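**Q** My structure file protein.cif, mmCIF, C-alpha atoms, is below:
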data_start
loop_
_atom_site.label_atom_id
_atom_site.label_comp_id
_atom_site.auth_asym_id
_atom_site.auth_seq_id
_atom_site.Cartn_x
_atom_site.Cartn_y
_atom_site.Cartn_z
CA MET A 1 12.49 13.74 -50.46
CA ASN A 2 12.57 9.99 -50.01
CA ASN A 3 10.35 10.18 -46.89
CA ARG A 4 7.79 12.29 -48.73
CA ILE A 5 7.44 9.72 -51.52
CA LEU A 6 7.13 6.94 -48.96
CA ASN A 7 4.40 8.84 -47.08
CA ILE A 8 2.45 9.45 -50.30
CA ALA A 9 2.71 5.78 -51.28
CA LEU A 10 1.51 4.64 -47.83
CA SER A 11 -1.40 7.08 -47.98
CA LEU A 12 -2.49 5.72 -51.37
CA LEU A 13 -2.29 2.13 -50.10
CA LEU A 14 -4.37 3.06 -47.08
CA LEU A 15 -7.03 4.63 -49.30
CA LEU A 16 -7.13 1.57 -51.57
CA PHE A 17 -7.56 -0.83 -48.63
CA SER A 18 -10.24 1.27 -46.98
CA ALA A 19 -12.15 1.50 -50.28
CA ALA A 20 -11.90 -2.27 -50.76
CA CYS A 21 -13.13 -2.93 -47.22
CA ALA A 22 -16.01 -0.49 -47.57
CA SER A 23 -17.48 -2.33 -50.54
CA SER A 24 -17.69 -5.62 -48.65
CA SER A 25 -19.32 -4.23 -45.53
CA GLY A 26 -22.29 -6.59 -45.61
CA LYS A 27 -24.67 -4.55 -47.77
CA SER A 28 -26.77 -6.70 -50.03
CA THR A 29 -27.26 -6.18 -53.71
CA SER A 30 -30.57 -6.00 -55.48
CA ASP A 31 -31.45 -7.79 -58.70
CA THR A 32 -29.69 -5.14 -60.73
CA GLY A 33 -26.38 -5.79 -58.99
CA LYS A 34 -26.16 -2.40 -57.26
CA ALA A 35 -25.76 -2.20 -53.50
CA THR A 36 -28.85 -0.64 -51.96
CA GLY A 37 -27.71 -0.61 -48.36
CA LYS A 38 -31.27 -1.01 -47.11
CA GLU A 39 -31.33 -4.77 -46.75
CA LYS A 40 -29.27 -6.40 -44.04
CA VAL A 41 -27.67 -9.81 -44.48
CA SER A 42 -27.81 -12.02 -41.43
CA GLU A 43 -26.38 -15.44 -40.91
CA ASP A 44 -27.63 -18.00 -38.44
CA LEU A 45 -24.56 -19.40 -36.67
CA SER A 46 -26.45 -21.19 -33.89
CA GLN A 47 -25.85 -24.57 -35.50
CA TYR A 48 -22.09 -24.14 -34.96
CA ARG A 49 -22.27 -23.07 -31.33
CA PRO A 50 -21.49 -25.74 -28.72
CA LYS A 51 -24.41 -27.00 -26.70
CA TYR A 52 -24.06 -27.75 -22.99
CA SER A 53 -26.46 -29.59 -20.81
CA THR A 54 -27.40 -27.90 -17.57
CA PRO A 55 -26.46 -29.91 -14.49
CA GLU A 56 -29.11 -30.82 -11.98
CA THR A 57 -28.90 -28.89 -8.73
CA THR A 58 -27.19 -30.95 -6.05
CA THR A 59 -26.00 -29.98 -2.62
CA ALA A 60 -22.31 -30.49 -1.94
CA ALA A 61 -21.41 -32.80 0.89
CA ARG A 62 -19.79 -31.11 3.90
CA VAL A 63 -16.19 -32.19 4.37
CA GLU A 64 -14.93 -32.30 7.94
CA PRO A 65 -11.19 -31.92 8.51
CA SER A 66 -9.65 -35.15 9.66
CA ASN A 67 -6.34 -33.96 11.16
CA HIS A 68 -7.04 -31.44 13.89
CA VAL A 69 -3.95 -29.63 15.10
CA ASN A 70 -5.63 -27.19 17.45
CA ASN A 71 -3.72 -28.45 20.52
CA GLN A 72 -0.38 -28.24 18.75
CA VAL A 73 -1.13 -24.75 17.45
CA ALA A 74 -2.18 -23.62 20.93
CA VAL A 75 1.11 -24.87 22.41
CA LEU A 76 3.12 -23.07 19.71
CA MET A 77 1.17 -19.85 20.21
CA ASP A 78 1.82 -20.01 23.96
CA THR A 79 5.56 -20.36 23.39
CA VAL A 80 5.56 -17.43 20.96
CA ALA A 81 3.63 -15.32 23.48
CA SER A 82 6.06 -16.17 26.28
CA VAL A 83 9.05 -15.30 24.08
CA ASN A 84 7.42 -12.00 23.13
CA LYS A 85 6.88 -11.14 26.80
CA ASN A 86 10.62 -11.34 27.36
CA ILE A 87 11.38 -8.77 24.64
CA LYS A 88 12.05 -5.43 26.33
CA TYR A 89 13.63 -3.33 23.58
CA ALA A 90 13.01 -2.58 19.92
CA GLN A 91 14.25 -0.21 17.24
CA GLY A 92 12.15 2.93 17.15
CA TYR A 93 12.28 6.70 17.39
CA ARG A 94 12.82 9.33 20.07
CA ILE A 95 12.86 13.10 20.01
CA LEU A 96 16.29 14.59 20.74
CA ALA A 97 15.22 17.67 22.67
CA TYR A 98 18.53 18.90 24.07
CA ASN A 99 22.22 18.24 23.58
CA GLY A 100 24.46 20.64 25.47
CA SER A 101 26.46 21.36 28.61
CA GLN A 102 24.10 23.61 30.60
CA ARG A 103 22.54 21.66 33.45
CA GLN A 104 20.02 24.33 34.43
CA ASP A 105 18.81 24.73 30.82
CA VAL A 106 18.19 21.01 30.38
CA MET A 107 16.36 20.76 33.73
CA ASN A 108 14.08 23.72 32.86
CA LEU A 109 13.38 22.23 29.42
CA ARG A 110 12.62 18.85 30.98
CA LYS A 111 10.06 20.41 33.36
CA ALA A 112 8.42 22.29 30.48
CA ILE A 113 8.17 19.13 28.35
CA ILE A 114 6.74 17.09 31.23
CA SER A 115 4.09 19.74 31.86
CA ARG A 116 3.17 19.86 28.14
CA VAL A 117 3.09 16.09 27.45
CA PRO A 118 2.94 14.22 30.79
CA ASP A 119 2.16 10.83 29.22
CA VAL A 120 5.48 10.70 27.33
CA LYS A 121 8.58 9.40 29.14
CA ASP A 122 11.80 11.38 29.03
CA TYR A 123 15.40 10.12 29.18
CA LEU A 124 18.14 12.38 30.52
CA THR A 125 21.72 11.15 30.14
CA TYR A 126 25.01 12.76 30.99
CA GLN A 127 28.27 12.04 29.20
CA GLN A 128 30.86 14.47 30.39
CA PRO A 129 30.53 17.37 29.52
CA ASN A 130 27.19 17.05 27.69
CA PHE A 131 23.63 16.51 28.83
CA ARG A 132 21.36 14.77 26.36
CA LEU A 133 17.56 14.81 26.74
CA LYS A 134 15.50 12.42 24.63
CA VAL A 135 11.73 12.20 24.79
CA GLY A 136 9.38 9.28 24.09
CA ASP A 137 9.34 5.70 22.88
CA PHE A 138 7.77 5.67 19.42
CA PHE A 139 7.50 2.68 17.09
CA ASN A 140 7.13 4.83 13.98
CA ARG A 141 8.17 8.28 12.88
CA VAL A 142 4.58 9.54 12.53
CA GLU A 143 3.90 9.12 16.25
CA ALA A 144 7.12 10.95 17.08
CA GLN A 145 6.24 13.78 14.69
CA GLN A 146 2.85 14.26 16.37
CA VAL A 147 4.47 14.74 19.78
CA LEU A 148 7.18 16.95 18.28
CA ASN A 149 4.48 19.20 16.83
CA ARG A 150 3.02 19.64 20.33
CA ILE A 151 6.36 20.74 21.82
CA ALA A 152 7.89 22.49 18.80
CA ASP A 153 7.48 25.97 20.31
CA LEU A 154 9.53 24.94 23.37
CA ILE A 155 12.40 23.46 21.35
CA PRO A 156 12.45 24.65 17.74
CA ASN A 157 15.69 22.80 16.93
CA ALA A 158 14.55 19.36 18.20
CA GLN A 159 15.09 16.36 15.96
CA ILE A 160 13.60 12.90 15.59
CA VAL A 161 16.33 10.26 15.92
CA GLN A 162 16.39 6.49 15.61
CA ASP A 163 17.08 4.82 18.93
CA GLN A 164 16.53 1.65 20.91
CA ILE A 165 13.21 2.13 22.69
CA ASN A 166 11.62 0.47 25.70
CA ILE A 167 8.57 -1.66 24.97
CA ASP A 168 5.65 -0.95 27.31
CA LYS A 169 4.16 -4.24 28.55
CA SER A 170 1.14 -2.68 30.27
CA TYR A 171 -1.32 -3.62 27.51
#
Let me see the structure of the file written as structure tokens.
**A**
Amino acid sequence: MNNRILNIALSLLLLLFSAACASSSGKSTSDTGKATGKEKVSEDLSQYRPKYSTPETTTAARVEPSNHVNNQVAVLMDTVASVNKNIKYAQGYRILAYNGSQRQDVMNLRKAIISRVPDVKDYLTYQQPNFRLKVGDFFNRVEAQQVLNRIADLIPNAQIVQDQINIDKSY
């Protein structure tokens, strides 16, 4: 009940304010005092606007750097490059193709994978009594997934695992 009265009171206030604003909307009045709505009142506010002078066009002087560090930067870049050449391993992804104890099964699977994707390196390890076959050195999971899609029919239960990968320095 209280909310209803409040809503009605707010509605009436809104109507009063909108009616008051509508009467002062800029319509001019004629000699009789009635608003005709046909004449438009305009004010010239240009006298209050700030005035700026336009600058003359000048060309900016070219500034040459005074402290060249090209030799120092080149030396630092060479040391970074030599350090990077010594990095052989990184964290990446490999495909775990087989994990089991059957030697003949893992060797047949290895041959099938090599024939399907010859450009990808495989890693066969043996920890008694299990053989583990991992495939590839991938920096990101998307690359590993692309190769896994190519060999998925050979090994439907293969997984992508995080592993320490070898960095190829041939490029």
**Q** Near A:Gln159, within 12 Å and counting only C-alpha atoms, which residues show up once chain neighbours fewer than 2 positions away are dropped, as a PyMOL selection string?
**A** chain A and resi 93-99+133-135+141+144-145+147-149+151-152+155-157+161-162
**Q** Quick one: everything within 12 Å of A:Asp168, counting only C-alpha atoms, minus sequence neighbours fewer than 3 positions away in the same chain. Send it as JSON, numbers by chain.
**A** {"A": [84, 85, 86, 87, 88, 89, 90, 120, 121, 136, 137, 138, 139, 165, 171]}
**Q** Quick one, how far is atom CA of A:Gln91 from atom CA of A:Val75?
**A**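 Answer for the atom CA of A:Gln91 to atom CA of A:Val75 separation: 28.4 Å.
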**Q** For the atom pair atom CA of A:Arg132 and atom CA of A:Met107, what is the interatomic distance in Å to one decimal place?
**A**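 Between atom CA of A:Arg132 and atom CA of A:Met107 the gap is 10.7 Å.
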**Q** Rank A:Leu124, A:Leu45, A:Ala61, A:Ala9 by their smallest atom-to-atom distance to A:Gly100, using all atoms listed in the file, and report the top residue only.
**A**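 Ranking A:Leu124, A:Leu45, A:Ala61, A:Ala9 by distance to A:Gly100, first place goes to A:Leu124.
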**Q** Rank A:Leu154, A:Asp78, A:Gln128, A:Tyr52 by their smallest atom-to-atom distance to A:Ser115, using all atoms listed in the file, and report the top residue only.
**A** A:Leu154
**Q** If you count all atoms listed in the file, which residues fall within 10 Å of A:Ser101, apart from same-chain ones fewer than 6 positions away, as number ranges by chain?
**A** A: 126-132
**Q** Enclose the full set of atoms of stretch 88-97 of chain A listed in the file within a box whose edges lie along x, y and z, apply 5 Å of padding to each of the six sides, and report centre and edge lengths in Å to one decimal as lines of an AutoDock Vina configuration file.
**A**
center_x = 14.2
center_y = 6.1
center_z = 21.7
size_x = 14.2
size_y = 33.1
size_z = 19.2
**Q** Calculate how many Å separate atom CA of A:Asn166 from atom CA of A:Gly92, rounding to one decimal.
**A** 8.9 Å
